[in-house]
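Colleague: What follows is the file query29.cif, containing mmCIF, C-alpha atoms:
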data_protein
#
loop_
_atom_site.label_atom_id
_atom_site.label_comp_id
_atom_site.auth_asym_id
_atom_site.auth_seq_id
_atom_site.Cartn_x
_atom_site.Cartn_y
_atom_site.Cartn_z
CA MET A 21 -5.73 10.31 20.17
CA HIS A 22 -7.59 8.13 22.66
CA PRO A 23 -8.88 5.18 20.60
CA GLU A 24 -10.83 3.62 23.46
CA SER A 25 -12.99 6.73 23.83
CA LEU A 26 -13.54 6.99 20.06
CA LEU A 27 -14.54 3.35 19.68
CA GLY A 28 -16.88 3.30 22.67
CA ASP A 29 -17.87 0.40 24.89
CA ASP A 30 -19.04 -1.85 22.03
CA ILE A 31 -15.51 -2.45 20.69
CA ARG A 32 -12.92 -3.59 23.21
CA LEU A 33 -9.26 -3.15 22.32
CA PRO A 34 -6.45 -5.39 23.51
CA ALA A 35 -3.64 -3.86 25.56
CA GLY A 36 -1.68 -1.31 23.57
CA ARG A 37 -0.07 2.10 23.52
CA MET A 38 0.51 5.21 21.45
CA VAL A 39 3.87 5.08 19.65
CA ALA A 40 6.12 8.14 19.58
CA THR A 41 7.91 8.78 16.30
CA ASP A 42 11.59 9.53 15.78
CA GLU A 43 10.87 13.19 15.00
CA GLY A 44 12.16 15.53 17.67
CA GLU A 45 12.09 15.08 21.42
CA GLY A 46 9.12 12.89 22.32
CA GLY A 47 7.95 12.86 18.70
CA ALA A 48 4.41 12.87 17.40
CA ARG A 49 2.07 10.00 18.29
CA PRO A 50 0.00 9.18 15.21
CA LEU A 51 -0.18 5.42 15.83
CA TRP A 52 -1.85 3.24 18.44
CA LEU A 53 -0.20 -0.21 18.47
CA SER A 54 -1.37 -3.34 20.24
CA ASP A 55 1.13 -4.95 22.59
CA GLY A 56 0.44 -8.43 21.25
CA PRO A 57 -0.94 -10.17 18.15
CA ALA A 58 -4.04 -8.69 16.52
CA PRO A 59 -7.18 -10.54 17.66
CA PHE A 60 -9.30 -12.28 15.04
CA GLY A 61 -12.46 -10.41 14.02
CA LEU A 62 -11.42 -7.02 15.38
CA TRP A 63 -10.09 -5.50 12.15
CA GLY A 64 -13.45 -5.83 10.42
CA ARG A 65 -15.41 -4.43 13.37
CA ILE A 66 -13.17 -1.37 13.64
CA ARG A 67 -13.26 -0.81 9.88
CA ALA A 68 -17.06 -1.03 9.89
CA ALA A 69 -17.14 1.69 12.59
CA HIS A 70 -14.73 3.97 10.72
CA ALA A 71 -17.40 6.45 9.59
CA ARG A 72 -18.27 7.02 13.28
CA THR A 73 -14.82 6.88 14.86
CA GLY A 74 -12.43 8.16 12.16
CA LEU A 75 -10.01 5.34 13.06
CA TRP A 76 -8.57 3.21 10.28
CA PRO A 77 -7.25 -0.22 11.35
CA LEU A 78 -4.01 -1.62 9.94
CA LEU A 79 -2.56 -5.07 10.36
CA LEU A 80 1.11 -4.31 10.93
CA GLU A 81 3.97 -6.64 10.02
CA PRO A 82 7.47 -6.36 11.49
CA LEU A 83 10.74 -6.43 9.60
CA ASP A 84 11.98 -10.05 9.45
CA GLY A 85 10.06 -10.94 12.60
CA GLY A 86 12.44 -8.94 14.79
CA GLU A 87 11.76 -8.62 18.51
CA ASP A 88 11.78 -4.81 18.31
CA PHE A 89 8.87 -4.95 15.83
CA ARG A 90 10.38 -2.43 13.42
CA PRO A 91 9.33 0.08 12.28
CA TRP A 92 6.14 0.26 14.33
CA ALA A 93 7.15 -0.30 17.96
CA SER A 94 10.56 1.30 17.36
CA GLY A 95 8.93 4.53 16.20
CA GLU A 96 10.72 4.62 12.83
CA LEU A 97 7.89 6.73 11.45
CA PHE A 98 8.29 10.17 9.93
CA PRO A 99 4.98 12.06 9.53
CA GLY A 100 6.84 15.38 9.47
CA ASP A 101 8.53 14.35 6.21
CA VAL A 102 5.25 13.62 4.45
CA SER A 103 3.06 16.10 2.57
CA ARG A 104 -0.71 15.71 2.07
CA PRO A 105 -2.12 13.17 -0.40
CA ALA A 106 -4.61 15.80 -1.56
CA ASP A 107 -1.70 17.91 -2.80
CA HIS A 108 -0.84 15.37 -5.51
CA ASP A 109 -2.52 14.34 -8.75
CA PRO A 110 -2.44 10.51 -8.89
CA GLU A 111 -1.99 10.29 -12.65
CA ALA A 112 0.80 12.87 -12.62
CA VAL A 113 2.56 10.89 -9.88
CA LEU A 114 2.33 7.66 -11.89
CA ALA A 115 3.39 9.34 -15.12
CA GLU A 116 6.46 10.82 -13.44
CA CYS A 117 7.38 7.47 -11.87
CA TRP A 118 6.87 5.71 -15.20
CA GLU A 119 9.19 8.16 -16.94
CA ALA A 120 11.83 7.74 -14.24
CA CYS A 121 11.68 3.95 -14.55
CA THR A 122 11.65 3.78 -18.35
CA SER A 123 14.14 6.50 -19.22
CA ALA A 124 16.59 4.44 -21.26
CA ASP A 125 20.25 4.80 -20.47
CA GLU A 126 22.35 5.71 -23.46
CA GLY A 127 25.66 4.06 -24.21
CA ASP A 128 28.63 5.58 -25.93
CA GLU A 129 26.83 5.36 -29.27
CA GLY A 130 23.45 6.53 -27.98
CA ASP A 131 21.78 3.12 -28.12
CA GLU A 132 18.71 2.67 -25.94
CA ASP A 133 18.82 0.01 -23.26
CA GLU A 134 16.39 -2.42 -24.87
CA ASP A 135 16.58 -4.87 -21.98
CA GLU A 136 15.10 -2.28 -19.61
CA LEU A 137 12.27 -1.36 -22.00
CA ALA A 138 11.46 -5.03 -22.52
CA PHE A 139 9.99 -5.04 -19.03
CA THR A 140 7.32 -2.55 -20.08
CA ALA A 141 6.24 -4.17 -23.37
CA PRO A 142 3.84 -3.55 -25.05
CA TYR A 143 4.09 0.10 -23.98
CA GLY A 144 7.83 0.60 -24.08
CA ALA A 145 8.70 4.05 -22.76
CA MET A 146 5.24 5.52 -23.45
CA TRP A 147 3.02 6.07 -20.40
CA PRO A 148 -0.37 4.55 -21.36
CA GLY A 149 -2.47 6.64 -18.97
CA LEU A 150 -4.81 5.49 -16.22
CA ALA A 151 -6.82 2.31 -16.53
CA PRO A 152 -10.61 2.81 -16.55
CA GLY A 153 -12.31 2.29 -13.21
CA LYS A 154 -14.87 -0.44 -12.55
CA GLU A 155 -17.94 -1.02 -10.44
CA ALA A 156 -17.14 -3.13 -7.39
CA ALA A 157 -18.55 -6.64 -7.65
CA GLU A 158 -18.93 -6.85 -3.85
CA ASP A 159 -18.78 -4.65 -0.79
CA PRO A 160 -15.17 -3.37 -0.49
CA GLY A 161 -15.25 -3.23 3.30
CA ARG A 162 -16.58 -6.75 3.69
CA LEU A 163 -14.01 -8.12 1.25
CA ALA A 164 -11.19 -6.30 3.07
CA ALA A 165 -12.32 -7.81 6.37
CA GLU A 166 -12.28 -11.30 4.83
CA HIS A 167 -8.74 -10.81 3.57
CA ALA A 168 -7.65 -9.36 6.91
CA GLU A 169 -8.89 -12.51 8.65
CA ALA A 170 -7.20 -14.77 6.11
CA PHE A 171 -3.95 -12.87 6.48
CA LEU A 172 -4.03 -13.13 10.27
CA SER A 173 -4.35 -16.89 10.05
CA SER A 174 -0.98 -17.06 8.28
CA ALA A 175 0.85 -14.21 10.05
CA SER A 176 0.79 -14.86 13.78
CA ASP A 177 3.19 -12.03 14.67
CA THR A 178 0.95 -9.34 13.12
CA ARG A 179 -0.22 -6.58 15.47
CA LEU A 180 -3.15 -4.18 15.24
CA GLY A 181 -2.53 -0.51 14.52
CA LEU A 182 -5.02 2.35 14.59
CA VAL A 183 -4.58 5.64 12.75
CA GLU A 184 -6.90 8.64 12.77
CA ALA A 185 -7.45 9.09 9.02
CA THR A 186 -10.22 9.44 6.45
CA SER A 187 -9.17 6.25 4.66
CA GLY A 188 -6.56 3.53 4.55
CA ALA A 189 -4.69 5.46 1.88
CA GLU A 190 -4.51 8.58 4.02
CA ALA A 191 -3.43 6.47 7.03
CA LEU A 192 -0.19 5.61 5.20
CA ALA A 193 0.73 9.29 5.07
CA VAL A 194 -0.62 10.25 8.50
CA VAL A 195 1.43 7.58 10.26
CA GLY A 196 4.61 8.58 8.41
CA TRP A 197 5.29 5.16 6.89
CA SER A 198 8.45 5.17 4.74
CA GLY A 199 8.31 1.71 3.15
CA PRO A 200 8.66 2.90 -0.49
CA LEU A 201 11.61 5.18 0.41
CA ASN A 202 13.98 3.71 -2.18
CA HIS A 203 11.40 4.48 -4.89
CA GLU A 204 9.50 7.48 -3.52
CA SER A 205 10.57 9.63 -0.57
CA ASP A 206 7.18 11.30 0.01
CA THR A 207 4.63 8.69 1.09
CA ALA A 208 1.80 11.14 0.38
CA ARG A 209 2.40 10.59 -3.34
CA ILE A 210 2.04 6.84 -2.83
CA ALA A 211 -1.07 7.47 -0.72
CA ALA A 212 -2.57 9.66 -3.45
CA VAL A 213 -2.36 6.76 -5.90
CA VAL A 214 -3.83 4.29 -3.39
CA GLY A 215 -6.65 6.76 -2.73
CA ASP A 216 -7.40 6.87 -6.44
CA TRP A 217 -7.45 3.06 -6.54
CA GLU A 218 -9.90 3.13 -3.65
CA ARG A 219 -12.26 5.08 -5.90
CA ARG A 220 -11.60 3.24 -9.19
CA PHE A 221 -11.16 -0.36 -8.05
CA GLY A 222 -12.71 -0.59 -4.57
CA VAL A 223 -9.26 -1.00 -3.03
CA ARG A 224 -8.88 -1.07 0.75
CA VAL A 225 -5.64 -1.04 2.74
CA PHE A 226 -5.60 -3.88 5.26
CA ALA A 227 -1.94 -4.71 6.01
CA VAL A 228 1.36 -2.82 5.97
CA GLY A 229 4.90 -4.01 6.66
CA PHE A 230 8.32 -2.42 6.86
CA ASP A 231 8.37 -2.15 3.05
CA THR A 232 5.25 -4.06 2.00
CA LEU A 233 1.64 -3.10 1.34
CA ARG A 234 -1.42 -5.34 1.00
CA LEU A 235 -4.66 -4.16 -0.59
CA SER A 236 -7.98 -5.87 -1.11
CA VAL A 237 -9.56 -5.21 -4.52
CA ALA A 238 -13.34 -5.32 -4.93
CA ALA A 239 -13.22 -4.50 -8.68
CA PRO A 240 -10.22 -6.34 -10.16
CA PRO A 241 -9.61 -6.50 -13.92
CA ALA A 242 -11.54 -9.37 -15.50
CA THR A 243 -9.57 -9.79 -18.72
CA LEU A 244 -5.98 -9.43 -19.89
CA GLU A 245 -7.02 -6.38 -21.90
CA GLU A 246 -8.32 -4.72 -18.72
CA ALA A 247 -5.32 -5.87 -16.70
CA LEU A 248 -2.56 -4.49 -18.95
CA PRO A 249 -3.02 -0.79 -18.12
CA VAL A 250 -3.47 -1.73 -14.44
CA ALA A 251 -0.15 -3.58 -14.65
CA ALA A 252 1.42 -0.41 -16.04
CA GLU A 253 0.13 1.52 -13.02
CA HIS A 254 1.59 -1.13 -10.70
CA PHE A 255 4.96 -0.88 -12.45
CA ALA A 256 5.06 2.89 -12.01
CA PHE A 257 3.86 2.56 -8.41
CA CYS A 258 6.22 -0.28 -7.43
CA PRO A 259 8.65 -1.32 -10.20
CA ASP A 260 10.21 -3.99 -7.95
CA ASN A 261 7.00 -6.01 -8.37
CA VAL A 262 7.97 -6.46 -12.02
CA TRP A 263 11.75 -6.07 -12.00
CA GLN A 264 12.23 -8.57 -9.19
CA GLY A 265 9.27 -10.84 -9.84
CA PRO A 266 9.36 -14.39 -11.22
CA ARG A 267 11.21 -14.78 -14.52
CA PRO A 268 10.50 -14.36 -17.37
CA GLN A 269 8.71 -11.19 -16.37
CA ASN A 270 7.22 -8.25 -18.23
CA LEU A 271 3.96 -6.34 -18.03
CA VAL A 272 2.04 -8.98 -19.98
CA ALA A 273 3.15 -11.78 -17.66
CA TYR A 274 2.47 -9.57 -14.64
CA ALA A 275 -0.96 -8.55 -16.00
CA GLU A 276 -1.94 -12.21 -16.37
CA ARG A 277 -1.57 -12.57 -12.61
CA LEU A 278 -3.86 -9.57 -12.01
CA VAL A 279 -6.87 -10.98 -13.86
CA GLY A 280 -9.49 -11.64 -11.20
CA ALA A 281 -7.00 -11.09 -8.36
CA ASP A 282 -8.78 -9.50 -5.40
CA VAL A 283 -5.57 -8.85 -3.45
CA TRP A 284 -2.68 -6.65 -4.63
CA THR A 285 0.63 -6.99 -2.79
CA PHE A 286 3.57 -4.61 -3.19
CA TRP A 287 7.16 -4.84 -2.03
CA TRP A 288 9.84 -2.17 -2.38
CA ASP A 289 13.46 -3.29 -2.27
#
Let me see the file written as structure tokens.
Modeller:
Amino acid sequence: MHPESLLGDDIRLPAGRMVATDEGEGGARPLWLSDGPAPFGLWGRIRAAHARTGLWPLLLEPLDGGEDFRPWASGELFPGDVSRPADHDPEAVLAECWEACTSADEGDEGDEDEDELAFTAPYGAMWPGLAPGKEAAEDPGRLAAEHAEAFLSSASDTRLGLVEATSGAEALAVVGWSGPLNHESDTARIAAVVGDWERRFGVRVFAVGFDTLRLSVAAPPATLEEALPVAAEHFAFCPDNVWQGPRPQNLVAYAERLVGADVWTFWWD
């Protein structure tokens, strides 16, 4: 990939390089990474040109601000371990994750672990199915660019990454990101869900960290009733958002925070 030739003369990139992954001698090179902080305004311009260039921009965060800028500059990326998002049904992925997270442990007398299921009230162990999609209230790309700019103003060590992909969701799989590894070993399954959110909620990927993901949301839930099934999807997608969130925490409390929220942030322990 030669991003300069794909972008043309109208978009100038800062100094950067293609990053080799840890896979085999020399590794693949699915990621272009800027050498320094991402410039203001560039994310939105590259995103707006995506249909022409095929390049999806990512604002990349390092692990704990380390000098080696893990995992991006260190090449801790594993595209060879990732399948294709198109090979996975998003609802099936979420249903399987929900079941894995809500399967109650049984004690010596067969009692269900009620404390675990309390997190998923009012649904308990029953997967509620996908939340209905919504029409975007504003242009998803423009909103994503606004959030990218706002994020840059508070994250000075963020660099710009470019991935040749059809969408931000696919970019997560193409680059071989392994942030959700402790929850899901195949990032393509995570990407399949994000791709479905792109269609149902006008989601756009704008920033990725070692184990974090930031999405803009052009069609967020407007009421608690709308937000509850979305909260269930978030729990299946990233249970740490609920398990390790502010206390007291359950799906209802988590859903209250989703009403009108046009940014979704995920963190996997």
Colleague: Which region 212-276 of chain A residues have any atom within 8 Å of an atom of region 100-117 of chain A, and for each, what is the nearest pair of atoms with distance in Å to one decimal, counting only C-alpha atoms, rows sorted by chain and number, as JSON lines?
Modeller:
{"residue": "A:Ala212", "atom": "CA", "partner": "A:Pro105", "partner_atom": "CA", "distance": 4.7}
{"residue": "A:Val213", "atom": "CA", "partner": "A:Pro110", "partner_atom": "CA", "distance": 4.8}
{"residue": "A:Asp216", "atom": "CA", "partner": "A:Pro110", "partner_atom": "CA", "distance": 6.6}
{"residue": "A:Glu253", "atom": "CA", "partner": "A:Leu114", "partner_atom": "CA", "distance": 6.6}
{"residue": "A:Ala256", "atom": "CA", "partner": "A:Cys117", "partner_atom": "CA", "distance": 5.1}
{"residue": "A:Phe257", "atom": "CA", "partner": "A:Leu114", "partner_atom": "CA", "distance": 6.4}
Colleague: When the PyMOL selection byres ((chain A and resi 275-281) around 12) is applied to the structure above, which residues does it catch, written out as a ChimeraX atom specification?
Modeller: /A:139-142,157,221,223,235-255,261-262,265-266,269-274,282-285
Colleague: Dump C-alpha atoms for the selected residues as an mmCIF file, in the frame of the given file?
Modeller:
data_model
loop_
_atom_site.group_PDB
_atom_site.id
_atom_site.type_symbol
_atom_site.label_atom_id
_atom_site.label_comp_id
_atom_site.auth_asym_id
_atom_site.auth_seq_id
_atom_site.Cartn_x
_atom_site.Cartn_y
_atom_site.Cartn_z
ATOM 1 C CA PHE A 139 9.990 -5.040 -19.030
ATOM 2 C CA THR A 140 7.320 -2.550 -20.080
ATOM 3 C CA ALA A 141 6.240 -4.170 -23.370
ATOM 4 C CA PRO A 142 3.840 -3.550 -25.050
ATOM 5 C CA ALA A 157 -18.550 -6.640 -7.650
ATOM 6 C CA PHE A 221 -11.160 -0.360 -8.050
ATOM 7 C CA VAL A 223 -9.260 -1.000 -3.030
ATOM 8 C CA LEU A 235 -4.660 -4.160 -0.590
ATOM 9 C CA SER A 236 -7.980 -5.870 -1.110
ATOM 10 C CA VAL A 237 -9.560 -5.210 -4.520
ATOM 11 C CA ALA A 238 -13.340 -5.320 -4.930
ATOM 12 C CA ALA A 239 -13.220 -4.500 -8.680
ATOM 13 C CA PRO A 240 -10.220 -6.340 -10.160
ATOM 14 C CA PRO A 241 -9.610 -6.500 -13.920
ATOM 15 C CA ALA A 242 -11.540 -9.370 -15.500
ATOM 16 C CA THR A 243 -9.570 -9.790 -18.720
ATOM 17 C CA LEU A 244 -5.980 -9.430 -19.890
ATOM 18 C CA GLU A 245 -7.020 -6.380 -21.900
ATOM 19 C CA GLU A 246 -8.320 -4.720 -18.720
ATOM 20 C CA ALA A 247 -5.320 -5.870 -16.700
ATOM 21 C CA LEU A 248 -2.560 -4.490 -18.950
ATOM 22 C CA PRO A 249 -3.020 -0.790 -18.120
ATOM 23 C CA VAL A 250 -3.470 -1.730 -14.440
ATOM 24 C CA ALA A 251 -0.150 -3.580 -14.650
ATOM 25 C CA ALA A 252 1.420 -0.410 -16.040
ATOM 26 C CA GLU A 253 0.130 1.520 -13.020
ATOM 27 C CA HIS A 254 1.590 -1.130 -10.700
ATOM 28 C CA PHE A 255 4.960 -0.880 -12.450
ATOM 29 C CA ASN A 261 7.000 -6.010 -8.370
ATOM 30 C CA VAL A 262 7.970 -6.460 -12.020
ATOM 31 C CA GLY A 265 9.270 -10.840 -9.840
ATOM 32 C CA PRO A 266 9.360 -14.390 -11.220
ATOM 33 C CA GLN A 269 8.710 -11.190 -16.370
ATOM 34 C CA ASN A 270 7.220 -8.250 -18.230
ATOM 35 C CA LEU A 271 3.960 -6.340 -18.030
ATOM 36 C CA VAL A 272 2.040 -8.980 -19.980
ATOM 37 C CA ALA A 273 3.150 -11.780 -17.660
ATOM 38 C CA TYR A 274 2.470 -9.570 -14.640
ATOM 39 C CA ASP A 282 -8.780 -9.500 -5.400
ATOM 40 C CA VAL A 283 -5.570 -8.850 -3.450
ATOM 41 C CA TRP A 284 -2.680 -6.650 -4.630
ATOM 42 C CA THR A 285 0.630 -6.990 -2.790
#
Colleague: For this file, the PyMOL selection byres ((chain A and resi 225) around 10) selects which residues, as an mmCIF file with C-alpha atoms, in the coordinates of the input?
Modeller:
data_model
loop_
_atom_site.group_PDB
_atom_site.id
_atom_site.type_symbol
_atom_site.label_atom_id
_atom_site.label_comp_id
_atom_site.auth_asym_id
_atom_site.auth_seq_id
_atom_site.Cartn_x
_atom_site.Cartn_y
_atom_site.Cartn_z
ATOM 1 C CA TRP A 76 -8.570 3.210 10.280
ATOM 2 C CA PRO A 77 -7.250 -0.220 11.350
ATOM 3 C CA LEU A 78 -4.010 -1.620 9.940
ATOM 4 C CA LEU A 79 -2.560 -5.070 10.360
ATOM 5 C CA GLY A 161 -15.250 -3.230 3.300
ATOM 6 C CA ALA A 164 -11.190 -6.300 3.070
ATOM 7 C CA ALA A 168 -7.650 -9.360 6.910
ATOM 8 C CA SER A 187 -9.170 6.250 4.660
ATOM 9 C CA GLY A 188 -6.560 3.530 4.550
ATOM 10 C CA ALA A 189 -4.690 5.460 1.880
ATOM 11 C CA GLU A 190 -4.510 8.580 4.020
ATOM 12 C CA ALA A 191 -3.430 6.470 7.030
ATOM 13 C CA LEU A 192 -0.190 5.610 5.200
ATOM 14 C CA VAL A 214 -3.830 4.290 -3.390
ATOM 15 C CA GLY A 215 -6.650 6.760 -2.730
ATOM 16 C CA GLU A 218 -9.900 3.130 -3.650
ATOM 17 C CA VAL A 223 -9.260 -1.000 -3.030
ATOM 18 C CA ARG A 224 -8.880 -1.070 0.750
ATOM 19 C CA PHE A 226 -5.600 -3.880 5.260
ATOM 20 C CA ALA A 227 -1.940 -4.710 6.010
ATOM 21 C CA VAL A 228 1.360 -2.820 5.970
ATOM 22 C CA LEU A 233 1.640 -3.100 1.340
ATOM 23 C CA ARG A 234 -1.420 -5.340 1.000
ATOM 24 C CA LEU A 235 -4.660 -4.160 -0.590
ATOM 25 C CA SER A 236 -7.980 -5.870 -1.110
ATOM 26 C CA VAL A 237 -9.560 -5.210 -4.520
ATOM 27 C CA VAL A 283 -5.570 -8.850 -3.450
ATOM 28 C CA TRP A 284 -2.680 -6.650 -4.630
#
Colleague: Please determine, counting all atoms listed in the file, which residue among A:Trp118, A:Trp287, A:Trp147, A:Trp63 has the shortest atom-to-atom distance to Leu172 (chain A).
Modeller: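 Of all the options, A:Trp63 lies closest to Leu172 (chain A).
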Colleague: When the PyMOL selection byres ((chain A and resi 207) around 8) is applied to the file above, which residues end up in the set, as a ChimeraX atom specification?
Modeller: /A:102-103,192-193,196-198,200-201,204-206,208-211
